[in-house]
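Trainee: Below is the file data09.pdb, which contains PDB, C-alpha atoms.
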```pdb
ATOM      1  CA  MET A   1       4.137 -93.406 -60.651
ATOM      2  CA  LEU A   2       1.220 -95.074 -62.492
ATOM      3  CA  PHE A   3       1.357 -98.441 -60.704
ATOM      4  CA  PRO A   4       1.501 -97.113 -57.113
ATOM      5  CA  LEU A   5      -1.117 -94.487 -58.036
ATOM      6  CA  ALA A   6      -3.477 -97.197 -59.318
ATOM      7  CA  VAL A   7      -2.947 -99.189 -56.111
ATOM      8  CA  ASN A   8      -3.530 -96.048 -54.055
ATOM      9  CA  VAL A   9      -6.798 -95.285 -55.856
ATOM     10  CA  PHE A  10      -7.971 -98.873 -55.314
ATOM     11  CA  LEU A  11      -7.111 -98.696 -51.606
ATOM     12  CA  ALA A  12      -8.898 -95.331 -51.325
ATOM     13  CA  LEU A  13     -12.073 -96.874 -52.800
ATOM     14  CA  PHE A  14     -11.666 -99.863 -50.493
ATOM     15  CA  ALA A  15     -11.274 -97.508 -47.504
ATOM     16  CA  PHE A  16     -14.453 -95.649 -48.507
ATOM     17  CA  ILE A  17     -16.512 -98.843 -48.771
ATOM     18  CA  VAL A  18     -15.250-100.263 -45.475
ATOM     19  CA  THR A  19     -15.706 -96.985 -43.586
ATOM     20  CA  ASN A  20     -19.164 -96.371 -45.042
ATOM     21  CA  ASN A  21     -20.311 -99.801 -43.864
ATOM     22  CA  LEU A  22     -18.472 -99.798 -40.547
ATOM     23  CA  ILE A  23     -19.798 -96.487 -39.166
ATOM     24  CA  PRO A  24     -23.489 -97.551 -38.875
ATOM     25  CA  ARG A  25     -22.478-100.956 -37.517
ATOM     26  CA  LEU A  26     -20.470 -99.370 -34.706
ATOM     27  CA  ARG A  27     -23.204 -96.864 -33.861
ATOM     28  CA  GLU A  28     -24.695 -98.781 -30.937
ATOM     29  CA  MET A  29     -21.266 -99.674 -29.553
ATOM     30  CA  PHE A  30     -20.337 -95.992 -29.182
ATOM     31  CA  ILE A  31     -23.725 -95.113 -27.695
ATOM     32  CA  LYS A  32     -23.428 -97.899 -25.103
ATOM     33  CA  ALA A  33     -20.012 -96.510 -24.173
ATOM     34  CA  ASN A  34     -21.676 -93.096 -23.561
ATOM     35  CA  VAL A  35     -19.780 -91.553 -26.474
ATOM     36  CA  PHE A  36     -22.722 -89.751 -28.051
ATOM     37  CA  GLY A  37     -24.426 -86.404 -28.380
ATOM     38  CA  ILE A  38     -27.845 -84.945 -29.175
ATOM     39  CA  ASP A  39     -28.564 -83.066 -32.402
ATOM     40  CA  MET A  40     -29.693 -79.690 -31.033
ATOM     41  CA  SER A  41     -31.277 -78.646 -34.362
ATOM     42  CA  LYS A  42     -33.716 -81.568 -34.437
ATOM     43  CA  ARG A  43     -36.992 -81.964 -32.561
ATOM     44  CA  ASP A  44     -36.370 -85.674 -32.027
ATOM     45  CA  LYS A  45     -33.693 -86.019 -29.348
ATOM     46  CA  VAL A  46     -31.991 -88.993 -30.960
ATOM     47  CA  LYS A  47     -28.626 -90.107 -29.616
ATOM     48  CA  ILE A  48     -25.887 -89.635 -32.204
ATOM     49  CA  PRO A  49     -22.542 -91.438 -31.772
ATOM     50  CA  GLU A  50     -19.458 -89.224 -31.524
ATOM     51  CA  SER A  51     -15.741 -89.884 -32.039
ATOM     52  CA  MET A  52     -16.363 -91.556 -35.395
ATOM     53  CA  GLY A  53     -13.121 -89.921 -36.478
ATOM     54  CA  VAL A  54     -11.295 -92.721 -34.678
ATOM     55  CA  VAL A  55     -13.013 -95.193 -37.019
ATOM     56  CA  THR A  56     -12.058 -93.320 -40.168
ATOM     57  CA  GLY A  57      -8.562 -92.696 -38.802
ATOM     58  CA  SER A  58      -8.037 -96.367 -38.027
ATOM     59  CA  ILE A  59      -9.163 -97.432 -41.503
ATOM     60  CA  TYR A  60      -6.922 -94.767 -43.006
ATOM     61  CA  LEU A  61      -3.911 -96.074 -41.096
ATOM     62  CA  VAL A  62      -4.607 -99.695 -42.058
ATOM     63  CA  VAL A  63      -4.878 -98.765 -45.740
ATOM     64  CA  SER A  64      -1.775 -96.567 -45.549
ATOM     65  CA  PHE A  65       0.211 -99.368 -43.910
ATOM     66  CA  LEU A  66      -0.829-101.739 -46.712
ATOM     67  CA  PHE A  67       0.299 -99.175 -49.273
ATOM     68  CA  ILE A  68       3.812 -98.651 -47.824
ATOM     69  CA  PRO A  69       5.698-101.130 -50.099
ATOM     70  CA  PHE A  70       4.176-100.037 -53.410
ATOM     71  CA  PRO A  71       5.905 -96.657 -54.009
ATOM     72  CA  PHE A  72       9.236 -98.472 -53.448
ATOM     73  CA  MET A  73       8.413-101.673 -55.316
ATOM     74  CA  GLN A  74      10.947-101.156 -58.092
ATOM     75  CA  HIS A  75      13.690-100.691 -55.499
ATOM     76  CA  LEU A  76      12.581-103.662 -53.397
ATOM     77  CA  LEU A  77      12.619-105.952 -56.426
ATOM     78  CA  SER A  78      15.963-104.662 -57.627
ATOM     79  CA  ASP A  79      19.123-106.682 -56.986
ATOM     80  CA  SER A  80      20.944-103.526 -55.901
ATOM     81  CA  LYS A  81      18.216-102.208 -53.588
ATOM     82  CA  GLY A  82      20.703-101.474 -50.830
ATOM     83  CA  ALA A  83      22.494 -98.896 -52.956
ATOM     84  CA  THR A  84      19.520 -97.315 -54.712
ATOM     85  CA  PHE A  85      16.742 -97.491 -52.122
ATOM     86  CA  PRO A  86      15.428 -93.963 -51.315
ATOM     87  CA  HIS A  87      15.730 -94.143 -47.543
ATOM     88  CA  ASP A  88      14.903 -90.453 -47.154
ATOM     89  CA  GLU A  89      11.514 -90.833 -48.888
ATOM     90  CA  PHE A  90      10.767 -93.990 -46.902
ATOM     91  CA  VAL A  91      11.475 -92.231 -43.600
ATOM     92  CA  GLU A  92       9.264 -89.303 -44.671
ATOM     93  CA  LEU A  93       6.337 -91.673 -45.223
ATOM     94  CA  ILE A  94       6.820 -93.492 -41.909
ATOM     95  CA  SER A  95       7.204 -90.254 -39.931
ATOM     96  CA  ALA A  96       4.057 -88.831 -41.524
ATOM     97  CA  LEU A  97       2.067 -91.904 -40.465
ATOM     98  CA  LEU A  98       3.555 -91.657 -36.970
ATOM     99  CA  SER A  99       2.368 -88.056 -36.640
ATOM    100  CA  ILE A 100      -1.089 -89.060 -37.884
ATOM    101  CA  CYS A 101      -1.223 -91.827 -35.243
ATOM    102  CA  CYS A 102      -0.481 -89.243 -32.562
ATOM    103  CA  MET A 103      -3.221 -86.916 -33.795
ATOM    104  CA  ILE A 104      -5.812 -89.718 -33.947
ATOM    105  CA  LEU A 105      -4.995 -90.525 -30.323
ATOM    106  CA  LEU A 106      -5.387 -86.843 -29.414
ATOM    107  CA  GLY A 107      -8.749 -86.585 -31.166
ATOM    108  CA  PHE A 108     -10.160 -89.658 -29.465
ATOM    109  CA  ALA A 109      -8.811 -88.611 -26.073
ATOM    110  CA  ASP A 110     -10.376 -85.175 -26.520
ATOM    111  CA  ASP A 111     -13.816 -86.655 -27.239
ATOM    112  CA  VAL A 112     -13.677 -89.099 -24.348
ATOM    113  CA  LEU A 113     -11.850 -87.045 -21.706
ATOM    114  CA  ASP A 114     -12.809 -83.502 -22.792
ATOM    115  CA  LEU A 115      -9.236 -82.234 -22.663
ATOM    116  CA  ARG A 116      -8.419 -78.682 -21.644
ATOM    117  CA  TRP A 117      -7.281 -76.226 -24.286
ATOM    118  CA  ARG A 118      -3.691 -76.045 -23.038
ATOM    119  CA  ILE A 119      -3.399 -79.789 -23.650
ATOM    120  CA  LYS A 120      -4.889 -79.401 -27.128
ATOM    121  CA  LEU A 121      -2.256 -76.791 -27.895
ATOM    122  CA  LEU A 122       0.622 -78.887 -26.607
ATOM    123  CA  LEU A 123      -0.060 -82.284 -28.174
ATOM    124  CA  PRO A 124      -0.173 -81.194 -31.858
ATOM    125  CA  THR A 125       3.212 -79.551 -31.345
ATOM    126  CA  ILE A 126       4.641 -82.806 -30.002
ATOM    127  CA  ALA A 127       2.970 -84.796 -32.801
ATOM    128  CA  SER A 128       4.698 -82.629 -35.409
ATOM    129  CA  LEU A 129       8.184 -83.374 -34.023
ATOM    130  CA  PRO A 130       8.773 -86.553 -36.118
ATOM    131  CA  LEU A 131       8.030 -84.602 -39.305
ATOM    132  CA  LEU A 132      10.234 -81.693 -38.271
ATOM    133  CA  MET A 133      13.125 -83.992 -37.344
ATOM    134  CA  VAL A 134      12.941 -85.798 -40.692
ATOM    135  CA  TYR A 135      12.777 -82.461 -42.499
ATOM    136  CA  TYR A 136      15.823 -81.263 -40.570
ATOM    137  CA  VAL A 137      17.831 -84.358 -41.488
ATOM    138  CA  ASN A 138      16.751 -84.548 -45.153
ATOM    139  CA  PHE A 139      16.476 -80.886 -46.173
ATOM    140  CA  ASN A 140      17.021 -78.342 -43.398
ATOM    141  CA  SER A 141      16.043 -75.499 -45.726
ATOM    142  CA  THR A 142      14.791 -72.596 -43.619
ATOM    143  CA  THR A 143      14.359 -70.083 -46.448
ATOM    144  CA  VAL A 144      10.797 -68.872 -47.054
ATOM    145  CA  VAL A 145       9.365 -67.008 -50.043
ATOM    146  CA  MET A 146       8.052 -63.634 -48.935
ATOM    147  CA  PRO A 147       4.650 -62.181 -49.922
ATOM    148  CA  ASN A 148       4.645 -59.581 -52.702
ATOM    149  CA  ILE A 149       3.679 -56.804 -50.301
ATOM    150  CA  VAL A 150       6.998 -57.005 -48.388
ATOM    151  CA  ARG A 151       9.428 -58.083 -51.105
ATOM    152  CA  GLU A 152      10.643 -54.554 -51.772
ATOM    153  CA  PHE A 153      11.772 -54.359 -48.128
ATOM    154  CA  VAL A 154      13.221 -57.835 -47.422
ATOM    155  CA  GLY A 155      13.682 -59.319 -50.889
ATOM    156  CA  TYR A 156      12.145 -62.310 -52.661
ATOM    157  CA  SER A 157      13.102 -64.796 -49.930
ATOM    158  CA  LEU A 158      14.343 -64.726 -46.352
ATOM    159  CA  ASN A 159      16.281 -67.256 -44.289
ATOM    160  CA  ILE A 160      14.600 -67.308 -40.872
ATOM    161  CA  GLY A 161      16.774 -70.091 -39.405
ATOM    162  CA  PHE A 162      15.463 -71.892 -36.308
ATOM    163  CA  LEU A 163      12.301 -69.762 -36.365
ATOM    164  CA  TYR A 164      11.194 -71.864 -39.337
ATOM    165  CA  TYR A 165      10.768 -74.923 -37.107
ATOM    166  CA  ILE A 166       8.918 -72.910 -34.479
ATOM    167  CA  PHE A 167       6.625 -71.582 -37.196
ATOM    168  CA  MET A 168       5.921 -75.079 -38.568
ATOM    169  CA  GLY A 169       5.143 -76.387 -35.072
ATOM    170  CA  MET A 170       2.743 -73.505 -34.498
ATOM    171  CA  LEU A 171       1.195 -74.101 -37.920
ATOM    172  CA  ALA A 172       0.358 -77.673 -36.895
ATOM    173  CA  VAL A 173      -1.392 -76.329 -33.794
ATOM    174  CA  PHE A 174      -3.316 -73.741 -35.790
ATOM    175  CA  CYS A 175      -4.491 -76.128 -38.527
ATOM    176  CA  THR A 176      -5.739 -78.842 -36.172
ATOM    177  CA  ASN A 177      -7.614 -76.448 -33.900
ATOM    178  CA  ALA A 178      -8.982 -74.363 -36.787
ATOM    179  CA  ILE A 179     -10.652 -77.551 -38.041
ATOM    180  CA  ASN A 180     -11.662 -78.861 -34.611
ATOM    181  CA  ILE A 181     -13.265 -75.619 -33.421
ATOM    182  CA  LEU A 182     -16.086 -76.099 -35.961
ATOM    183  CA  ALA A 183     -16.986 -79.528 -34.612
ATOM    184  CA  GLY A 184     -20.641 -79.918 -33.708
ATOM    185  CA  ILE A 185     -22.133 -78.304 -36.815
ATOM    186  CA  ASN A 186     -23.426 -81.120 -39.014
ATOM    187  CA  GLY A 187     -21.033 -81.847 -41.866
ATOM    188  CA  LEU A 188     -19.011 -78.648 -41.512
ATOM    189  CA  GLU A 189     -15.894 -79.942 -39.763
ATOM    190  CA  VAL A 190     -15.439 -82.996 -41.936
ATOM    191  CA  GLY A 191     -16.775 -81.183 -45.015
ATOM    192  CA  GLN A 192     -14.130 -78.468 -44.975
ATOM    193  CA  SER A 193     -11.443 -81.123 -44.449
ATOM    194  CA  LEU A 194     -12.731 -82.904 -47.537
ATOM    195  CA  ILE A 195     -12.684 -79.720 -49.628
ATOM    196  CA  ILE A 196      -9.138 -78.853 -48.495
ATOM    197  CA  ALA A 197      -7.889 -82.366 -49.336
ATOM    198  CA  LEU A 198      -9.525 -82.304 -52.786
ATOM    199  CA  SER A 199      -8.051 -78.883 -53.558
ATOM    200  CA  ILE A 200      -4.544 -80.081 -52.626
ATOM    201  CA  VAL A 201      -4.882 -83.179 -54.827
ATOM    202  CA  ILE A 202      -5.970 -80.988 -57.757
ATOM    203  CA  PHE A 203      -2.990 -78.702 -57.138
ATOM    204  CA  ASN A 204      -0.644 -81.709 -57.015
ATOM    205  CA  GLY A 205      -2.053 -83.001 -60.292
ATOM    206  CA  ILE A 206      -1.521 -79.644 -61.987
ATOM    207  CA  GLU A 207       2.055 -79.425 -60.728
ATOM    208  CA  ILE A 208       2.880 -82.968 -61.903
ATOM    209  CA  PHE A 209       1.297 -82.228 -65.303
ATOM    210  CA  ASN A 210       3.571 -79.164 -65.581
ATOM    211  CA  GLY A 211       6.615 -81.276 -64.707
ATOM    212  CA  ARG A 212       7.381 -79.823 -61.277
ATOM    213  CA  ALA A 213       8.808 -81.992 -58.446
ATOM    214  CA  GLU A 214       6.880 -85.175 -59.181
ATOM    215  CA  SER A 215       8.199 -87.040 -56.134
ATOM    216  CA  CYS A 216       6.948 -84.406 -53.665
ATOM    217  CA  HIS A 217       3.508 -84.087 -55.233
ATOM    218  CA  SER A 218       3.069 -87.832 -55.717
ATOM    219  CA  PHE A 219       3.847 -88.308 -52.005
ATOM    220  CA  SER A 220       1.106 -85.786 -51.187
ATOM    221  CA  ILE A 221      -1.377 -87.598 -53.430
ATOM    222  CA  TYR A 222      -0.545 -90.968 -51.856
ATOM    223  CA  MET A 223      -1.294 -89.540 -48.410
ATOM    224  CA  LEU A 224      -4.498 -87.768 -49.388
ATOM    225  CA  LEU A 225      -6.446 -90.170 -51.616
ATOM    226  CA  PRO A 226      -7.127 -92.722 -48.835
ATOM    227  CA  TYR A 227      -7.938 -89.784 -46.560
ATOM    228  CA  ILE A 228     -10.506 -88.518 -49.068
ATOM    229  CA  GLY A 229     -12.045 -91.998 -49.222
ATOM    230  CA  THR A 230     -12.498 -92.323 -45.467
ATOM    231  CA  THR A 231     -13.472 -88.665 -44.988
ATOM    232  CA  TYR A 232     -16.134 -88.773 -47.703
ATOM    233  CA  ALA A 233     -17.710 -91.784 -46.010
ATOM    234  CA  LEU A 234     -17.760 -89.934 -42.680
ATOM    235  CA  TRP A 235     -19.249 -86.846 -44.330
ATOM    236  CA  LEU A 236     -22.121 -88.882 -45.787
ATOM    237  CA  HIS A 237     -23.146 -89.911 -42.270
ATOM    238  CA  ASN A 238     -22.197 -86.683 -40.470
ATOM    239  CA  LYS A 239     -23.949 -84.184 -42.725
TER     240      LYS A 239
END
```
Please re-express this file's structure in structure tokens.

Mentor:
Amino acid sequence: MLFPLAVNVFLALFAFIVTNNLIPRLREMFIKANVFGIDMSKRDKVKIPESMGVVTGSIYLVVSFLFIPFPFMQHLLSDSKGATFPHDEFVELISALLSICCMILLGFADDVLDLRWRIKLLLPTIASLPLLMVYYVNFNSTTVVMPNIVREFVGYSLNIGFLYYIFMGMLAVFCTNAINILAGINGLEVGQSLIIALSIVIFNGIEIFNGRAESCHSFSIYMLLPYIGTTYALWLHNK
């Protein structure tokens, strides 16, 4: 894991530097396209460009695409890569990036077209379908661990079957809109995203240190470090 992690950290720093320099350079372009707002808490009514998430999202995707070969480098360089290549992990990575592409498109369309709420509820559900399909093919485990308060009634775990996929689709809708609803307050929307990402990376590090499911937690770290780089750059300008 050390080599791909080192590459991932380097790409995250690269993403931060590029995003931090690109946002002010694209400021006037967004304002000329009438994609801007006015800071209501300031006396000076200065035009502030909006939809900068599409900039950070684009940089994130570029960096993530560059990173794709590195977690599988030992398999790609192996003579028997056809027999040992982890196709399931590769498909998980590609499907995750596909879902992220869909959500970046939704975010930009929302800023430009001011989408209605029923559309905002529908599109995240559709964007989560690639992830759910890959999960169904690779794992298809629909057993959930129950909270302590109800374990004496239903047991430690419960198999909820197809409801699991409905729940995960609804969770995608909830998470995206719970973040988006705080947009407009300087630094809050992107700031909470940054804190959540950092907390997950810390959790992943603790789990790997304790020897639990390294492949799952390393995958999470690979996805989040470039995100932290681009998000931190956006926060510096947005706050």

Trainee: What does the PyMOL selection byres ((chain A and resi 231) around 12) select in this file, as a PyMOL selection string?

Mentor: chain A and resi 12-13+15-20+23+52-60+187-198+224-230+232-239

Trainee: Take the PyMOL selection byres ((chain A and resi 86-88) around 12), run it mentally on this structure, and tell me the resulting residues as a list in words.

Mentor: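 Those residues are Pro71, Phe72, Met73, Gln74, His75, Leu76, Ser80, Lys81, Gly82, Ala83, Thr84, Phe85, Glu89, Phe90, Val91, Glu92, Leu93, Ile94, Ser95, Leu131, Met133, Val134, Tyr135, Tyr136, Val137, Asn138, Phe139, Ser215 and Cys216 of chain A.
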
Trainee: Residues picked by the PyMOL selection byres ((chain A and resi 27) around 10) here, as a CSV table (one decimal) with C-alpha atoms, in the coordinates of the input?

Mentor:
```csv
chain,number,residue,atom,x,y,z
A,22,LEU,CA,-18.5,-99.8,-40.5
A,23,ILE,CA,-19.8,-96.5,-39.2
A,24,PRO,CA,-23.5,-97.6,-38.9
A,25,ARG,CA,-22.5,-101.0,-37.5
A,26,LEU,CA,-20.5,-99.4,-34.7
A,28,GLU,CA,-24.7,-98.8,-30.9
A,29,MET,CA,-21.3,-99.7,-29.6
A,30,PHE,CA,-20.3,-96.0,-29.2
A,31,ILE,CA,-23.7,-95.1,-27.7
A,32,LYS,CA,-23.4,-97.9,-25.1
A,35,VAL,CA,-19.8,-91.6,-26.5
A,36,PHE,CA,-22.7,-89.8,-28.1
A,47,LYS,CA,-28.6,-90.1,-29.6
A,48,ILE,CA,-25.9,-89.6,-32.2
A,49,PRO,CA,-22.5,-91.4,-31.8
A,50,GLU,CA,-19.5,-89.2,-31.5
A,52,MET,CA,-16.4,-91.6,-35.4
```

Trainee: When you count only C-alpha atoms, which of these residues is closest to A:Gly107: A:Met146, A:Ile202, A:Ala183, A:Leu171?

Mentor: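 The shortest atom-to-atom distance to A:Gly107 comes from A:Ala183.
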
Trainee: Quick one: pull the distance between atom CA of A:Phe219 and atom CA of A:Pro4, Å, one decimal.

Mentor: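 Computed distance, atom CA of A:Phe219 to atom CA of A:Pro4, equals 10.4 Å.
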
Trainee: In Å, rounded to a single decimal, give me how far atom CA of A:Met103 is from atom CA of A:Val144.

Mentor: 26.4 Å

Trainee: My list of candidates is A:Val154, A:Val63, A:Val201, A:Ile208. Which is closest to A:Ser220 when distances are computed with only C-alpha atoms?

Mentor: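 That would be A:Val201, the residue with the smallest distance to A:Ser220.
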
Trainee: Atom CA of A:Gly161 and atom CA of A:Cys102 are how many Å apart?

Mentor: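 Atom CA of A:Cys102 lies 26.7 Å from atom CA of A:Gly161.
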
Trainee: Could you check which of A:Leu98, A:Leu129, A:Leu11, A:Leu106 is closest to A:Met170, using only C-alpha atoms?

Mentor: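 Closest candidate: A:Leu129.
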
Trainee: Counting all atoms listed in the file, figure out which residue out of A:Lys42, A:Arg151, A:Arg118, A:His217 gets nearest to A:Val173.

Mentor: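 Between A:Lys42, A:Arg151, A:Arg118, A:His217, the residue approaching A:Val173 most closely is A:Arg118.
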
Trainee: Between A:Ile38, A:Met223, A:Cys175, A:Val145, which has the minimum distance to A:Ile68 (counting all atoms listed in the file)?

Mentor: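 The shortest atom-to-atom distance to A:Ile68 comes from A:Met223.
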
Trainee: The centre and edge lengths of an axis-aligned box containing all atoms of stretch 28-31 of chain A present in the file, extended by 5 Å on each side, are to be given in Å to one decimal, as JSON.

Mentor:
```
{"center_x": -22.5, "center_y": -97.4, "center_z": -29.3, "size_x": 14.4, "size_y": 14.6, "size_z": 13.2}
```

Trainee: Go through A:Asn204, A:Ser199, A:Asn21, A:Asn186 one by one, measure the shortest atom-to-atom distance of each to A:Ser41 using only C-alpha atoms, and give the residue with the smallest value.

Mentor: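 Of all the options, A:Asn186 lies closest to A:Ser41.
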
Trainee: Would you kindly return, as number ranges by chain, each protein, DNA or RNA residue with an atom no farther than 9 Å from any atom of A:Val7, considering all atoms listed in the file and excluding same-chain residues fewer than 5 positions away?

Mentor: A: 2, 12, 67, 70

Trainee: Any chance you could model N, CA, C and O atoms for stretch 83-102 of chain A and send them as a PDB file, in the coordinates of the input?

Mentor:
```pdb
ATOM      1  N   ALA A  83      21.791-100.090 -52.490  1.00  0.00           N
ATOM      2  CA  ALA A  83      22.494 -98.896 -52.956  1.00  0.00           C
ATOM      3  C   ALA A  83      21.564 -97.840 -53.512  1.00  0.00           C
ATOM      4  O   ALA A  83      21.903 -96.654 -53.523  1.00  0.00           O
ATOM      5  N   THR A  84      20.410 -98.259 -54.017  1.00  0.00           N
ATOM      6  CA  THR A  84      19.520 -97.315 -54.712  1.00  0.00           C
ATOM      7  C   THR A  84      18.252 -96.995 -53.933  1.00  0.00           C
ATOM      8  O   THR A  84      17.501 -96.110 -54.343  1.00  0.00           O
ATOM      9  N   PHE A  85      18.006 -97.691 -52.844  1.00  0.00           N
ATOM     10  CA  PHE A  85      16.742 -97.491 -52.122  1.00  0.00           C
ATOM     11  C   PHE A  85      16.675 -96.067 -51.561  1.00  0.00           C
ATOM     12  O   PHE A  85      17.608 -95.614 -50.883  1.00  0.00           O
ATOM     13  N   PRO A  86      15.562 -95.356 -51.810  1.00  0.00           N
ATOM     14  CA  PRO A  86      15.428 -93.963 -51.315  1.00  0.00           C
ATOM     15  C   PRO A  86      15.031 -93.933 -49.837  1.00  0.00           C
ATOM     16  O   PRO A  86      13.868 -93.736 -49.494  1.00  0.00           O
ATOM     17  N   HIS A  87      16.011 -94.082 -48.977  1.00  0.00           N
ATOM     18  CA  HIS A  87      15.730 -94.143 -47.543  1.00  0.00           C
ATOM     19  C   HIS A  87      15.096 -92.853 -47.030  1.00  0.00           C
ATOM     20  O   HIS A  87      14.279 -92.888 -46.102  1.00  0.00           O
ATOM     21  N   ASP A  88      15.458 -91.721 -47.619  1.00  0.00           N
ATOM     22  CA  ASP A  88      14.903 -90.453 -47.154  1.00  0.00           C
ATOM     23  C   ASP A  88      13.396 -90.383 -47.415  1.00  0.00           C
ATOM     24  O   ASP A  88      12.628 -89.947 -46.551  1.00  0.00           O
ATOM     25  N   GLU A  89      12.946 -90.840 -48.585  1.00  0.00           N
ATOM     26  CA  GLU A  89      11.514 -90.833 -48.888  1.00  0.00           C
ATOM     27  C   GLU A  89      10.767 -91.840 -48.016  1.00  0.00           C
ATOM     28  O   GLU A  89       9.630 -91.582 -47.591  1.00  0.00           O
ATOM     29  N   PHE A  90      11.399 -92.981 -47.744  1.00  0.00           N
ATOM     30  CA  PHE A  90      10.767 -93.990 -46.902  1.00  0.00           C
ATOM     31  C   PHE A  90      10.562 -93.461 -45.480  1.00  0.00           C
ATOM     32  O   PHE A  90       9.496 -93.646 -44.882  1.00  0.00           O
ATOM     33  N   VAL A  91      11.572 -92.792 -44.951  1.00  0.00           N
ATOM     34  CA  VAL A  91      11.475 -92.231 -43.600  1.00  0.00           C
ATOM     35  C   VAL A  91      10.419 -91.131 -43.555  1.00  0.00           C
ATOM     36  O   VAL A  91       9.692 -90.991 -42.554  1.00  0.00           O
ATOM     37  N   GLU A  92      10.296 -90.344 -44.617  1.00  0.00           N
ATOM     38  CA  GLU A  92       9.264 -89.303 -44.671  1.00  0.00           C
ATOM     39  C   GLU A  92       7.872 -89.915 -44.549  1.00  0.00           C
ATOM     40  O   GLU A  92       7.013 -89.399 -43.819  1.00  0.00           O
ATOM     41  N   LEU A  93       7.645 -91.009 -45.263  1.00  0.00           N
ATOM     42  CA  LEU A  93       6.337 -91.673 -45.223  1.00  0.00           C
ATOM     43  C   LEU A  93       6.045 -92.225 -43.832  1.00  0.00           C
ATOM     44  O   LEU A  93       4.942 -92.038 -43.292  1.00  0.00           O
ATOM     45  N   ILE A  94       7.023 -92.892 -43.230  1.00  0.00           N
ATOM     46  CA  ILE A  94       6.820 -93.492 -41.909  1.00  0.00           C
ATOM     47  C   ILE A  94       6.590 -92.406 -40.856  1.00  0.00           C
ATOM     48  O   ILE A  94       5.720 -92.537 -39.988  1.00  0.00           O
ATOM     49  N   SER A  95       7.361 -91.328 -40.926  1.00  0.00           N
ATOM     50  CA  SER A  95       7.204 -90.254 -39.931  1.00  0.00           C
ATOM     51  C   SER A  95       5.855 -89.564 -40.078  1.00  0.00           C
ATOM     52  O   SER A  95       5.250 -89.154 -39.079  1.00  0.00           O
ATOM     53  N   ALA A  96       5.379 -89.425 -41.314  1.00  0.00           N
ATOM     54  CA  ALA A  96       4.057 -88.831 -41.524  1.00  0.00           C
ATOM     55  C   ALA A  96       2.968 -89.691 -40.884  1.00  0.00           C
ATOM     56  O   ALA A  96       2.060 -89.178 -40.214  1.00  0.00           O
ATOM     57  N   LEU A  97       3.056 -91.007 -41.064  1.00  0.00           N
ATOM     58  CA  LEU A  97       2.067 -91.904 -40.465  1.00  0.00           C
ATOM     59  C   LEU A  97       2.172 -91.904 -38.940  1.00  0.00           C
ATOM     60  O   LEU A  97       1.159 -92.025 -38.242  1.00  0.00           O
ATOM     61  N   LEU A  98       3.386 -91.737 -38.418  1.00  0.00           N
ATOM     62  CA  LEU A  98       3.555 -91.657 -36.970  1.00  0.00           C
ATOM     63  C   LEU A  98       2.874 -90.412 -36.413  1.00  0.00           C
ATOM     64  O   LEU A  98       2.189 -90.479 -35.375  1.00  0.00           O
ATOM     65  N   SER A  99       3.021 -89.290 -37.090  1.00  0.00           N
ATOM     66  CA  SER A  99       2.368 -88.056 -36.640  1.00  0.00           C
ATOM     67  C   SER A  99       0.852 -88.190 -36.708  1.00  0.00           C
ATOM     68  O   SER A  99       0.136 -87.704 -35.830  1.00  0.00           O
ATOM     69  N   ILE A 100       0.353 -88.853 -37.748  1.00  0.00           N
ATOM     70  CA  ILE A 100      -1.089 -89.060 -37.884  1.00  0.00           C
ATOM     71  C   ILE A 100      -1.603 -89.946 -36.749  1.00  0.00           C
ATOM     72  O   ILE A 100      -2.689 -89.700 -36.192  1.00  0.00           O
ATOM     73  N   CYS A 101      -0.845 -90.974 -36.386  1.00  0.00           N
ATOM     74  CA  CYS A 101      -1.223 -91.827 -35.243  1.00  0.00           C
ATOM     75  C   CYS A 101      -1.377 -90.994 -33.974  1.00  0.00           C
ATOM     76  O   CYS A 101      -2.338 -91.172 -33.214  1.00  0.00           O
ATOM     77  N   CYS A 102      -0.432 -90.090 -33.753  1.00  0.00           N
ATOM     78  CA  CYS A 102      -0.481 -89.243 -32.562  1.00  0.00           C
ATOM     79  C   CYS A 102      -1.726 -88.362 -32.565  1.00  0.00           C
ATOM     80  O   CYS A 102      -2.383 -88.184 -31.525  1.00  0.00           O
TER      81      CYS A 102
END
```
